[in-house]
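With mmCIF, C-alpha atoms inside, this is work26.cif:
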data_data
loop_
_atom_site.label_atom_id
_atom_site.label_comp_id
_atom_site.auth_asym_id
_atom_site.auth_seq_id
_atom_site.Cartn_x
_atom_site.Cartn_y
_atom_site.Cartn_z
CA MET A 195 41.90 10.85 4.86
CA SER A 196 42.37 7.80 2.72
CA SER A 197 42.64 8.33 -1.02
CA THR A 198 40.55 5.26 -1.80
CA PRO A 199 36.79 5.40 -1.21
CA GLU A 200 35.66 4.62 2.31
CA VAL A 201 34.58 1.03 2.95
CA TYR A 202 31.12 1.53 4.39
CA LEU A 203 30.51 -0.95 7.20
CA ASP A 204 27.53 0.72 8.85
CA SER A 205 24.57 -0.70 6.93
CA ALA A 206 22.70 -1.30 10.18
CA SER A 207 22.50 2.47 10.68
CA SER A 208 21.45 3.15 7.13
CA THR A 209 21.95 1.24 3.91
CA ARG A 210 23.07 2.58 0.55
CA LEU A 211 20.14 2.72 -1.88
CA HIS A 212 19.65 -0.65 -3.57
CA PRO A 213 19.98 -0.44 -7.38
CA ALA A 214 16.38 -1.63 -7.74
CA ALA A 215 15.20 1.19 -5.48
CA ARG A 216 17.18 3.78 -7.36
CA GLU A 217 15.77 2.73 -10.71
CA THR A 218 12.22 2.66 -9.40
CA LEU A 219 12.57 5.95 -7.56
CA LEU A 220 13.82 7.78 -10.64
CA ALA A 221 10.99 6.38 -12.74
CA ALA A 222 8.33 7.16 -10.11
CA LEU A 223 9.46 10.70 -9.29
CA ASP A 224 7.76 12.09 -12.40
CA ARG A 225 4.56 10.10 -11.88
CA GLY A 226 3.80 9.82 -8.20
CA TYR A 227 3.40 13.49 -7.26
CA ALA A 228 -0.39 13.78 -7.14
CA ASP A 229 -2.77 13.13 -4.25
CA PRO A 230 -3.72 9.45 -4.44
CA ARG A 231 -7.18 10.28 -3.09
CA ARG A 232 -8.09 12.44 -6.08
CA LEU A 233 -10.05 11.10 -9.01
CA HIS A 234 -8.20 12.88 -11.83
CA ALA A 235 -5.70 11.06 -14.00
CA ALA A 236 -2.62 12.17 -12.03
CA GLY A 237 -4.30 11.18 -8.77
CA ARG A 238 -5.25 7.79 -10.15
CA ASP A 239 -1.69 7.29 -11.31
CA ALA A 240 -0.36 8.07 -7.83
CA ARG A 241 -2.99 5.73 -6.37
CA LEU A 242 -1.87 2.99 -8.70
CA LEU A 243 1.77 3.36 -7.61
CA LEU A 244 0.88 3.52 -3.91
CA ASP A 245 -1.39 0.47 -4.14
CA ASN A 246 1.36 -1.33 -5.99
CA ALA A 247 3.86 -0.45 -3.23
CA ARG A 248 1.46 -1.69 -0.54
CA ALA A 249 0.77 -4.89 -2.43
CA VAL A 250 4.46 -5.66 -2.86
CA VAL A 251 5.33 -4.97 0.79
CA ALA A 252 2.28 -6.98 1.91
CA GLU A 253 3.38 -9.90 -0.23
CA CYS A 254 6.91 -9.68 1.19
CA LEU A 255 5.49 -9.78 4.73
CA GLY A 256 2.94 -12.49 3.94
CA VAL A 257 -0.08 -10.33 4.70
CA ARG A 258 -2.89 -8.59 2.80
CA PRO A 259 -2.38 -5.07 1.37
CA ASP A 260 -4.99 -3.55 3.70
CA GLU A 261 -2.94 -4.81 6.65
CA VAL A 262 0.02 -2.59 5.63
CA GLY A 263 0.55 1.15 5.95
CA PHE A 264 3.46 3.48 5.17
CA THR A 265 4.61 5.77 7.97
CA ALA A 266 7.08 8.63 8.09
CA SER A 267 9.90 6.45 9.49
CA GLY A 268 10.58 3.26 11.40
CA THR A 269 10.44 5.21 14.64
CA ASP A 270 7.06 6.64 13.65
CA ALA A 271 5.82 3.13 12.85
CA VAL A 272 6.84 1.88 16.30
CA HIS A 273 5.23 4.83 18.08
CA ARG A 274 1.97 4.51 16.14
CA GLY A 275 1.98 0.73 16.28
CA LEU A 276 2.62 0.35 19.97
CA LEU A 277 0.57 3.28 21.24
CA GLY A 278 -2.22 2.31 18.83
CA LEU A 279 -2.37 -1.11 20.46
CA THR A 280 -2.51 0.29 23.98
CA ALA A 281 -5.07 2.90 22.88
CA ALA A 282 -7.29 0.15 21.49
CA THR A 283 -6.94 -2.14 24.49
CA GLY A 284 -7.42 0.78 26.88
CA ARG A 285 -4.46 -0.40 28.97
CA ASP A 286 -1.34 1.77 28.97
CA GLY A 287 1.15 -0.84 30.23
CA ILE A 288 3.87 -1.82 27.74
CA VAL A 289 6.12 -4.82 28.35
CA HIS A 290 9.29 -5.00 26.26
CA SER A 291 12.73 -6.58 26.31
CA ALA A 292 15.47 -4.48 27.89
CA VAL A 293 17.28 -4.30 24.54
CA GLU A 294 14.56 -2.85 22.30
CA HIS A 295 15.25 0.12 20.02
CA SER A 296 14.93 3.51 21.70
CA SER A 297 11.68 4.14 19.79
CA VAL A 298 10.06 1.38 21.86
CA LEU A 299 11.46 2.76 25.11
CA HIS A 300 10.25 6.25 24.19
CA ALA A 301 6.77 4.96 23.34
CA ALA A 302 6.60 3.30 26.76
CA GLN A 303 7.72 6.52 28.46
CA TRP A 304 4.97 8.46 26.67
CA ARG A 305 2.40 7.52 29.30
CA GLU A 306 3.35 6.38 32.76
CA SER A 307 1.99 3.04 33.87
CA PRO A 308 2.79 0.79 36.83
CA ALA A 309 2.50 -2.12 34.39
CA HIS A 310 5.44 -1.02 32.21
CA ALA A 311 8.24 -3.57 32.41
CA ALA A 312 11.65 -4.02 30.77
CA VAL A 313 12.34 -7.75 30.67
CA PRO A 314 15.96 -8.85 31.22
CA VAL A 315 18.14 -10.57 28.62
CA ASP A 316 21.00 -13.04 29.00
CA ALA A 317 24.66 -12.32 28.20
CA HIS A 318 23.97 -12.91 24.48
CA GLY A 319 21.06 -10.48 24.54
CA VAL A 320 18.32 -13.13 24.30
CA VAL A 321 15.15 -12.18 26.16
CA ASP A 322 13.98 -14.22 29.15
CA LEU A 323 10.77 -15.72 27.75
CA ALA A 324 9.37 -16.82 31.12
CA ALA A 325 9.91 -13.35 32.57
CA LEU A 326 8.33 -11.81 29.46
CA ALA A 327 5.21 -13.98 29.81
CA ALA A 328 5.00 -13.23 33.55
CA ALA A 329 5.30 -9.47 33.01
CA ALA A 330 2.72 -9.59 30.21
CA GLY A 331 0.24 -11.22 32.56
CA ALA A 332 0.28 -8.31 34.99
CA HIS A 333 -2.81 -6.14 35.39
CA GLY A 334 -2.86 -3.14 33.06
CA VAL A 335 -0.62 -4.46 30.27
CA GLY A 336 -1.91 -3.30 26.88
CA ALA A 337 0.84 -4.52 24.57
CA VAL A 338 4.14 -6.39 24.39
CA ALA A 339 7.04 -5.36 22.16
CA LEU A 340 9.81 -7.72 21.11
CA GLN A 341 12.27 -7.16 18.29
CA ALA A 342 12.97 -9.78 15.62
CA ALA A 343 16.68 -9.06 15.94
CA ASN A 344 18.72 -6.64 17.98
CA GLN A 345 19.96 -3.52 16.20
CA GLU A 346 23.22 -3.25 18.11
CA VAL A 347 24.44 -6.82 18.59
CA GLY A 348 22.49 -8.77 15.94
CA THR A 349 21.04 -11.40 18.28
CA LEU A 350 17.80 -12.98 17.00
CA GLN A 351 14.98 -13.11 19.54
CA PRO A 352 12.88 -16.27 19.96
CA VAL A 353 9.71 -14.42 18.95
CA ASP A 354 7.85 -17.51 17.73
CA GLU A 355 8.21 -19.08 21.18
CA VAL A 356 6.59 -16.15 22.96
CA GLU A 357 3.48 -17.11 24.91
CA LEU A 358 1.22 -14.28 25.96
CA PRO A 359 -2.04 -14.11 27.85
CA GLY A 360 -5.13 -13.78 25.63
CA GLY A 361 -5.94 -10.24 24.60
CA VAL A 362 -2.38 -8.96 24.95
CA PRO A 363 -1.11 -8.13 21.44
CA LEU A 364 2.52 -8.49 20.34
CA LEU A 365 4.34 -5.87 18.28
CA VAL A 366 7.47 -7.11 16.55
CA ASP A 367 10.03 -4.49 15.58
CA ALA A 368 11.59 -5.98 12.47
CA ALA A 369 13.67 -2.93 11.50
CA ALA A 370 17.02 -4.65 12.05
CA ALA A 371 15.99 -8.03 10.63
CA LEU A 372 13.84 -7.39 7.56
CA GLY A 373 15.81 -8.16 4.42
CA HIS A 374 18.54 -9.95 6.36
CA ALA A 375 16.92 -12.86 8.19
CA PRO A 376 13.61 -14.73 8.02
CA LEU A 377 10.95 -12.99 10.10
CA PRO A 378 9.04 -14.58 12.94
CA ARG A 379 5.47 -15.54 12.13
CA ARG A 380 4.13 -14.77 15.57
CA TRP A 381 3.05 -11.11 15.65
CA ASP A 382 -0.05 -8.96 15.74
CA ALA A 383 1.67 -5.77 14.60
CA LEU A 384 5.02 -5.44 12.85
CA THR A 385 7.21 -2.44 12.09
CA ALA A 386 10.16 -1.81 9.80
CA SER A 387 12.17 0.95 8.17
CA ALA A 388 13.01 1.13 4.46
CA HIS A 389 16.43 2.78 4.74
CA LYS A 390 17.63 -0.23 6.74
CA TRP A 391 16.96 -2.61 3.82
CA GLY A 392 18.14 -0.44 0.93
CA GLY A 393 15.08 1.70 0.32
CA PRO A 394 14.96 5.46 0.74
CA ALA A 395 14.76 7.14 4.15
CA GLY A 396 11.42 8.56 5.24
CA VAL A 397 9.49 5.34 4.65
CA GLY A 398 8.44 3.25 7.60
CA VAL A 399 6.15 0.24 7.51
CA LEU A 400 3.43 -0.58 10.00
CA ALA A 401 1.59 -3.86 9.50
CA VAL A 402 -1.38 -4.75 11.67
CA ARG A 403 -3.02 -8.13 11.24
CA ARG A 404 -6.75 -8.27 10.71
CA GLY A 405 -8.56 -8.99 13.92
CA THR A 406 -6.01 -7.08 15.98
CA ARG A 407 -7.47 -4.16 17.89
CA TRP A 408 -5.51 -1.12 16.83
CA THR A 409 -6.46 2.52 16.48
CA ASN A 410 -4.55 5.63 15.41
CA PRO A 411 -3.19 7.00 18.71
CA PHE A 412 -2.42 10.43 17.26
CA PRO A 413 -4.61 13.12 15.66
CA GLY A 414 -5.96 12.16 12.24
CA ASP A 415 -8.07 9.56 10.49
CA ASP A 416 -8.04 6.00 11.70
CA GLY A 417 -6.69 3.10 9.67
CA LEU A 418 -3.54 2.34 7.72
CA GLU A 419 -4.42 4.22 4.54
CA GLN A 420 -2.31 7.34 5.32
CA PRO A 421 -1.26 7.00 8.95
CA SER A 422 1.38 9.77 8.84
CA GLY A 423 -0.28 12.18 6.44
CA PHE A 424 0.38 12.67 2.74
CA PRO A 425 2.49 9.72 1.58
CA ASP A 426 5.73 9.95 -0.38
CA VAL A 427 4.50 7.74 -3.19
CA PRO A 428 7.74 7.46 -5.21
CA ALA A 429 9.73 6.64 -2.07
CA ALA A 430 7.18 4.04 -0.97
CA LEU A 431 7.35 2.38 -4.38
CA ALA A 432 11.15 2.45 -4.36
CA ALA A 433 11.13 0.94 -0.85
CA ALA A 434 8.87 -1.84 -2.06
CA ALA A 435 11.08 -2.54 -5.07
CA ALA A 436 14.15 -2.67 -2.85
CA LEU A 437 12.45 -5.02 -0.41
CA ARG A 438 11.45 -7.43 -3.15
CA ALA A 439 14.98 -7.38 -4.59
CA VAL A 440 16.65 -7.76 -1.21
CA LEU A 441 14.45 -10.71 -0.25
CA ALA A 442 15.13 -12.40 -3.60
CA GLU A 443 18.89 -12.21 -3.04
CA ARG A 444 18.83 -12.61 0.76
CA ASP A 445 20.02 -16.20 1.00
CA GLU A 446 22.79 -15.64 -1.51
CA VAL A 447 24.00 -12.48 0.27
CA ALA A 448 23.74 -14.08 3.71
CA ALA A 449 25.77 -17.07 2.51
CA ARG A 450 28.57 -14.61 1.76
CA GLN A 451 28.13 -12.47 4.87
CA VAL A 452 27.94 -15.20 7.52
CA PRO A 453 31.54 -16.39 6.94
CA GLN A 454 32.73 -12.78 6.53
CA VAL A 455 31.29 -11.91 9.95
CA ASP A 456 32.78 -15.11 11.37
CA ARG A 457 36.19 -13.89 10.19
CA ILE A 458 35.73 -10.51 11.88
CA ARG A 459 34.50 -12.21 15.05
CA ALA A 460 37.56 -14.44 15.12
CA ALA A 461 39.96 -11.57 14.35
CA ALA A 462 38.46 -9.38 17.08
CA ALA A 463 38.39 -12.19 19.64
CA ALA A 464 42.06 -12.94 18.94
CA LEU A 465 43.08 -9.45 20.07
CA PRO A 466 43.94 -9.12 23.76
CA ASP A 467 41.06 -7.99 25.99
CA VAL A 468 38.55 -7.70 23.17
CA GLU A 469 35.16 -9.25 23.75
CA VAL A 470 32.77 -10.12 20.93
CA VAL A 471 29.21 -9.35 21.97
CA GLY A 472 25.99 -10.99 20.78
CA HIS A 473 24.89 -14.52 19.97
CA PRO A 474 27.51 -16.43 17.94
CA THR A 475 25.01 -18.34 15.77
CA ALA A 476 21.43 -17.12 16.35
CA ARG A 477 22.29 -13.76 14.81
CA LEU A 478 21.90 -11.50 11.80
CA PRO A 479 24.22 -12.54 8.97
CA HIS A 480 25.80 -9.14 8.39
CA LEU A 481 26.36 -7.65 11.85
CA VAL A 482 29.02 -8.08 14.53
CA THR A 483 29.74 -6.08 17.67
CA PHE A 484 32.72 -6.18 19.98
CA SER A 485 34.12 -4.13 22.84
CA VAL A 486 37.77 -3.18 23.23
CA LEU A 487 38.96 -2.79 26.79
CA TYR A 488 40.80 0.49 27.57
CA ALA A 489 39.79 2.14 24.29
CA GLY A 490 37.21 4.84 23.68
CA GLY A 491 34.55 4.03 21.10
CA ASP A 492 35.08 7.45 19.52
CA GLU A 493 38.85 6.84 19.31
CA ILE A 494 38.37 3.52 17.51
CA VAL A 495 35.75 4.92 15.12
CA GLY A 496 38.05 7.88 14.38
CA GLU A 497 41.17 5.77 13.81
CA LEU A 498 39.27 3.34 11.58
CA ALA A 499 37.79 6.24 9.61
CA ARG A 500 41.31 7.58 9.06
CA ARG A 501 42.19 4.19 7.59
CA GLY A 502 39.14 4.21 5.32
CA PHE A 503 36.57 2.17 7.25
CA GLY A 504 33.19 3.52 8.37
CA VAL A 505 31.80 1.78 11.47
CA ALA A 506 29.43 2.64 14.33
CA SER A 507 29.82 2.51 18.10
CA GLY A 508 27.36 2.11 20.96
CA SER A 509 29.72 3.70 23.47
CA ALA A 510 28.52 6.76 25.37
CA CYS A 511 31.28 8.99 24.01
CA THR A 512 29.89 8.49 20.50
CA ALA A 513 26.21 8.81 21.41
CA SER A 514 24.04 11.89 21.69
CA THR A 515 23.67 11.25 25.41
CA LEU A 516 26.33 10.59 28.02
CA GLU A 517 24.60 7.35 28.94
CA PRO A 518 26.17 4.18 27.57
CA SER A 519 24.18 1.86 25.31
CA HIS A 520 21.21 0.38 27.20
CA VAL A 521 21.63 -2.76 25.10
CA LEU A 522 25.23 -3.40 26.15
CA ALA A 523 24.40 -2.48 29.76
CA ALA A 524 21.47 -4.94 29.86
CA MET A 525 23.76 -7.70 28.56
CA GLY A 526 26.44 -6.99 31.15
CA ALA A 527 28.85 -6.25 28.30
CA LEU A 528 31.64 -3.72 28.39
CA THR A 529 30.08 -0.44 27.22
CA HIS A 530 33.25 1.44 26.30
CA GLY A 531 35.40 0.67 23.29
CA ASN A 532 32.38 -0.61 21.45
CA VAL A 533 32.38 -1.14 17.71
CA ARG A 534 29.51 -2.30 15.52
CA VAL A 535 30.39 -3.54 12.07
CA SER A 536 27.52 -4.15 9.64
CA LEU A 537 28.37 -5.38 6.17
CA ALA A 538 26.81 -4.18 2.95
CA ARG A 539 25.51 -6.56 0.29
CA GLU A 540 28.56 -5.73 -1.83
CA THR A 541 31.23 -6.06 0.90
CA THR A 542 34.10 -8.23 -0.40
CA ASP A 543 36.34 -10.73 1.36
CA GLU A 544 39.31 -8.48 0.58
CA GLN A 545 37.64 -5.56 2.36
CA VAL A 546 36.92 -7.77 5.36
CA ASP A 547 40.56 -8.88 5.53
CA ALA A 548 41.78 -5.29 5.23
CA PHE A 549 39.39 -4.26 8.01
CA CYS A 550 40.68 -7.00 10.32
CA ALA A 551 44.27 -5.87 9.74
CA ALA A 552 43.35 -2.22 10.34
CA LEU A 553 41.51 -3.15 13.53
CA ALA A 554 44.53 -4.90 15.03
CA GLU A 555 46.67 -1.86 14.23
CA VAL A 556 44.15 0.61 15.66
CA VAL A 557 43.73 -1.29 18.92
CA ALA A 558 47.51 -1.45 19.41
CA VAL A 559 47.90 2.28 18.67
CA ILE A 560 45.14 3.33 21.10
CA ARG A 561 46.36 1.03 23.88
CA GLY A 562 49.89 2.32 23.42
CA ARG A 563 48.60 5.88 23.77
CA ALA A 564 46.84 4.95 27.04
CA GLY A 565 50.10 3.53 28.40
CA LEU A 566 48.82 -0.04 28.49
CA MET B 235 33.33 -0.58 52.24
CA SER B 236 36.98 -0.61 53.16
CA ALA B 237 39.67 -0.60 50.50
CA ASP B 238 43.47 -0.72 50.51
CA ILE B 239 43.65 2.07 47.99
CA GLU B 240 41.13 4.45 46.51
CA ILE B 241 41.58 6.12 43.14
CA ASP B 242 39.84 9.39 42.38
CA CYS B 243 38.44 9.26 38.85
CA ARG B 244 35.55 11.65 39.59
CA ASP B 245 36.11 13.91 36.62
CA LEU B 246 37.59 11.43 34.14
CA PRO B 247 35.57 10.51 31.06
CA CYS B 248 34.99 6.93 29.84
CA PRO B 249 37.15 4.80 29.56
CA ARG B 250 39.74 6.56 31.76
CA PRO B 251 38.40 5.22 35.11
CA ILE B 252 38.87 1.66 33.83
CA ILE B 253 42.38 2.45 32.56
CA GLU B 254 43.31 3.92 35.95
CA LEU B 255 41.80 0.88 37.69
CA ALA B 256 43.92 -1.47 35.58
CA LYS B 257 47.06 0.58 36.23
CA ALA B 258 46.45 0.68 39.99
CA LEU B 259 45.67 -3.02 40.40
CA PRO B 260 49.30 -4.15 40.86
CA GLU B 261 49.57 -1.77 43.84
CA VAL B 262 47.23 -3.89 45.97
CA PRO B 263 48.14 -7.42 47.15
CA VAL B 264 46.11 -10.43 46.05
CA GLY B 265 43.14 -10.50 48.41
CA GLY B 266 43.27 -6.70 48.77
CA ARG B 267 40.63 -4.23 47.68
CA ILE B 268 40.70 -1.23 45.42
CA ALA B 269 38.02 1.44 45.21
CA VAL B 270 37.30 3.59 42.16
CA VAL B 271 35.34 6.80 42.58
CA ALA B 272 33.86 7.81 39.22
CA ARG B 273 30.95 9.94 38.05
CA ASP B 274 31.14 8.63 34.48
CA PRO B 275 27.85 6.72 34.01
CA ALA B 276 29.60 4.00 31.97
CA ALA B 277 31.68 3.01 35.02
CA ARG B 278 28.59 1.42 36.62
CA TYR B 279 28.63 -1.22 33.88
CA ASP B 280 32.28 -1.22 32.94
CA VAL B 281 33.82 -1.85 36.38
CA PRO B 282 31.87 -5.16 36.78
CA ALA B 283 32.55 -6.02 33.09
CA TRP B 284 36.27 -5.35 33.58
CA CYS B 285 36.27 -7.64 36.65
CA ARG B 286 34.61 -10.41 34.62
CA MET B 287 37.03 -10.02 31.70
CA ARG B 288 40.16 -9.73 33.87
CA GLY B 289 39.23 -12.42 36.40
CA GLN B 290 38.85 -10.08 39.39
CA GLU B 291 35.98 -9.91 41.87
CA TYR B 292 33.45 -7.09 41.81
CA VAL B 293 32.42 -6.34 45.40
CA GLY B 294 29.82 -3.63 44.91
CA GLU B 295 28.83 0.02 44.60
CA GLU B 296 28.24 2.66 47.24
CA LEU B 297 28.38 6.44 47.47
CA ALA B 298 31.46 8.44 48.46
CA ASP B 299 31.03 11.24 51.03
CA ASP B 300 30.39 13.78 48.28
CA GLY B 301 27.74 11.56 46.65
CA ALA B 302 29.92 10.29 43.77
CA PRO B 303 29.56 6.55 43.02
CA ARG B 304 32.34 4.42 44.53
CA TYR B 305 32.99 0.96 43.07
CA VAL B 306 34.90 -1.63 45.05
CA VAL B 307 36.95 -4.42 43.48
CA LYS B 308 38.79 -7.29 45.18
CA ARG B 309 42.02 -8.49 43.60
CA VAL B 310 41.89 -12.27 43.33
CA SER B 311 44.73 -12.92 40.89
#
Translate the structure of the given file into structure tokens.
Amino acid sequence: MSSTPEVYLDSASSTRLHPAARETLLAALDRGYADPRRLHAAGRDARLLLDNARAVVAECLGVRPDEVGFTASGTDAVHRGLLGLTAATGRDGIVHSAVEHSSVLHAAQWRESPAHAAVPVDAHGVVDLAALAAAAGAHGVGAVALQAANQEVGTLQPVDEVELPGGVPLLVDAAAALGHAPLPRRWDALTASAHKWGGPAGVGVLAVRRGTRWTNPFPGDDGLEQPSGFPDVPAALAAAAALRAVLAERDEVAARQVPQVDRIRAAAAALPDVEVVGHPTARLPHLVTFSVLYAGGDEIVGELARRGFGVASGSACTASTLEPSHVLAAMGALTHGNVRVSLARETTDEQVDAFCAALAEVVAVIRGRAGL
Amino acid sequence: MSADIEIDCRDLPCPRPIIELAKALPEVPVGGRIAVVARDPAARYDVPAWCRMRGQEYVGEELADDGAPRYVVKRVS
């Protein structure tokens, strides 16, 4: 183990709590414990904090507070959002890009439908818009899901150019993008996850625009008031505070991260038989993925961890299943030797340079071990 | 599909089948074919990706006699 603290380059999996969230959380912990539906003083206080959290998140998303609900997680928001759309339309078919988050794929698998379709992407991971529109027009389609940005390779999807048949709602999974890149405006339902933007875990966001037919697909009351049961009021407020702070500093942080990622892209691409994956420009500012031929993803992650760098991998040997990443497979990218680097807001140029040097060393060591 | 040589990577985990493929390539002449038999699910994507990255030609996939996937590559350089 390295004696210096690990350089955390896995913000896309989960982000360190933003200082604004931490401050708010500590202050709210002593106040937001009561049931916000009760009429006593403690209940009213909790209600005030929860309403405040909803109002802030709504403002950040450009919607009204009653169009926003807090869920138990980003995954929960996707499940409720997507299945709530198909429940309301009465058509089970879900059309989605082939590179959506697993929560979308799982929601589609929940009920079988001949109208389900996974729409192909190009080598950069950009969805085929014509194929998406064609699939959405099939009989029995109740909803379409398209992410704002891809969680594994950072590619932005052309959501605002999506054209769908009337009556087919669009859910945009913004979990990877919110706080990092401007969001598309074209959506009927939108989901996100607070721990991806610097809020606490256990807070998902489901936004449903007025006029969109949506109903709670699971047992419980309808509406967005308490979709996943008793809300964690302090966490919701902390998530809202983090979101506001992150959006206020987004351009400044991105201006730092874009060239940092460009340096990592160039350093990775300069190594023999290493392929950088994902769109070079239409991408998230803080995320870069590449695949190293002849190296195991777990080997690279392990060797980098030994040198003090924490990164993720989409390779099968590092996943909970033996199947390789469906995202990399859909793009035709190499699925082994995969590394995803996602910068934090505080990542420095010096850390990026040290990472690039460590990467070159690690790749040489692993290749040497393989006899190549 | 016929092949000049066949390498048995049935029980090798990712990325070993691709490493063995790269090591065996020089053993076939340019224009020759090499077959990789591998159960590792990543090989389905990584054999074609290797061909693209290394400038070789991916011919296709079939099943070996025992049902294991068999990937055929043509050496073009």
Notebook entry, point to check: Do you know which residues the PyMOL selection byres ((chain A) within 10 of (chain B)) returns on this file, as a ChimeraX atom specification?
Noted result: /A:467-469,487-491,509-511,516-519,522-531,561,564-566
Item checked: Minimum-distance residue to Phe484 in chain A, chosen among A:Gly405, A:Pro352, A:Gly508, A:Gly502 (using all atoms listed in the file) -> A:Gly508
Checklist line | Residue contacts of range 218-221 of chain A (8 Å, all atoms listed in the file) excluding same-chain residues fewer than 5 positions away, as a PyMOL selection string | finding: chain A and resi 428-429+431-432+435
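Across the model, the gap from CA of Gly472 in chain A to CA of Val347 in chain A is 5.0 Å.
CA of Leu498 in chain A is positioned 10.5 Å from CA of Cys550 in chain A.
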Dig up all the protein and nucleic acid residues within 12 Å of (33.9, -5.0, 45.6) in the file frame, using all atoms listed in the file, and format them as a tab-separated table (two decimals) with C-alpha atoms, keeping the file's coordinate frame.
chain	number	residue	atom	x	y	z
B	235	MET	CA	33.33	-0.58	52.24
B	236	SER	CA	36.98	-0.61	53.16
B	237	ALA	CA	39.67	-0.60	50.50
B	238	ASP	CA	43.47	-0.72	50.51
B	240	GLU	CA	41.13	4.45	46.51
B	265	GLY	CA	43.14	-10.50	48.41
B	266	GLY	CA	43.27	-6.70	48.77
B	267	ARG	CA	40.63	-4.23	47.68
B	268	ILE	CA	40.70	-1.23	45.42
B	269	ALA	CA	38.02	1.44	45.21
B	270	VAL	CA	37.30	3.59	42.16
B	281	VAL	CA	33.82	-1.85	36.38
B	282	PRO	CA	31.87	-5.16	36.78
B	285	CYS	CA	36.27	-7.64	36.65
B	290	GLN	CA	38.85	-10.08	39.39
B	291	GLU	CA	35.98	-9.91	41.87
B	292	TYR	CA	33.45	-7.09	41.81
B	293	VAL	CA	32.42	-6.34	45.40
B	294	GLY	CA	29.82	-3.63	44.91
B	295	GLU	CA	28.83	0.02	44.60
B	296	GLU	CA	28.24	2.66	47.24
B	304	ARG	CA	32.34	4.42	44.53
B	305	TYR	CA	32.99	0.96	43.07
B	306	VAL	CA	34.90	-1.63	45.05
B	307	VAL	CA	36.95	-4.42	43.48
B	308	LYS	CA	38.79	-7.29	45.18
B	309	ARG	CA	42.02	-8.49	43.60
B	310	VAL	CA	41.89	-12.27	43.33
Next item on the list: Run the PyMOL selection byres ((chain A and resi 206) around 12) on the file and write out the hits as an MDAnalysis selection string.
Entry: chainID A and resid 202:205 207:210 343:348 369:374 387:392 478:483 504:507 534:539
Check: Quick one: of A:Ala448, A:Leu243, A:Val427, A:Gly284, who's nearest to Pro394 in chain A, counting all atoms listed in the file?
Finding: A:Val427
Item checked: Residue members of the PyMOL selection byres ((chain A and resi 501) around 9) in the file shown, as a list in words -> Met195, Ser196, Glu200, Gly496, Glu497, Leu498, Ala499, Arg500, Gly502, Phe503, Phe549 and Ala552 of chain A
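Taking CA of Ala464 in chain A and CA of Asp316 in chain A as the two end points, the separation is 23.3 Å.
Between Leu276 in chain A and the candidates A:Pro363, A:Gly423, A:Gly334, A:Pro308, the tightest atom-to-atom separation, counting all atoms listed in the file, involves A:Pro363.
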Find the residues near Trp304 in chain A: any atom within 12 Å, counting all atoms listed in the file, skip ones fewer than 5 places away on the same chain, and give them as a JSON list (two decimals) with C-alpha atoms, in the coordinates of the input.
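The resulting selection-v5.json:
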[["chain", "number", "residue", "atom", "x", "y", "z"],
["A", 273, "HIS", "CA", 5.23, 4.83, 18.08],
["A", 274, "ARG", "CA", 1.97, 4.51, 16.14],
["A", 276, "LEU", "CA", 2.62, 0.35, 19.97],
["A", 277, "LEU", "CA", 0.57, 3.28, 21.24],
["A", 280, "THR", "CA", -2.51, 0.29, 23.98],
["A", 286, "ASP", "CA", -1.34, 1.77, 28.97],
["A", 287, "GLY", "CA", 1.15, -0.84, 30.23],
["A", 288, "ILE", "CA", 3.87, -1.82, 27.74],
["A", 297, "SER", "CA", 11.68, 4.14, 19.79],
["A", 298, "VAL", "CA", 10.06, 1.38, 21.86],
["A", 299, "LEU", "CA", 11.46, 2.76, 25.11],
["A", 310, "HIS", "CA", 5.44, -1.02, 32.21],
["A", 411, "PRO", "CA", -3.19, 7.00, 18.71]]
Item checked: Phe424 in chain A environment, 12 Å, all atoms listed in the file, sequence neighbours closer than 4 positions dropped, as an MDAnalysis selection string -> chainID A and resid 226:231 240:241 244 263:266 397 414:415 419:420 430
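Nearest residue to Ala272 in chain B, choosing from B:Ile239, B:Leu255, B:Arg244, B:Asp300 and counting all atoms listed in the file: B:Arg244.
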Quick one: axis-aligned box around all listed atoms of range 280-289 of chain B, 6 Å on every side, centre and edge lengths in Å to one decimal, written as AutoDock Vina command-line options.
--center_x 36.0 --center_y -6.8 --center_z 34.2 --size_x 20.3 --size_y 23.2 --size_z 17.1
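When all atoms listed in the file are used to measure the gap to Gly237 in chain A, the shortest distance among A:Thr283, A:Val257, A:Ala271, A:Arg225 belongs to A:Arg225.
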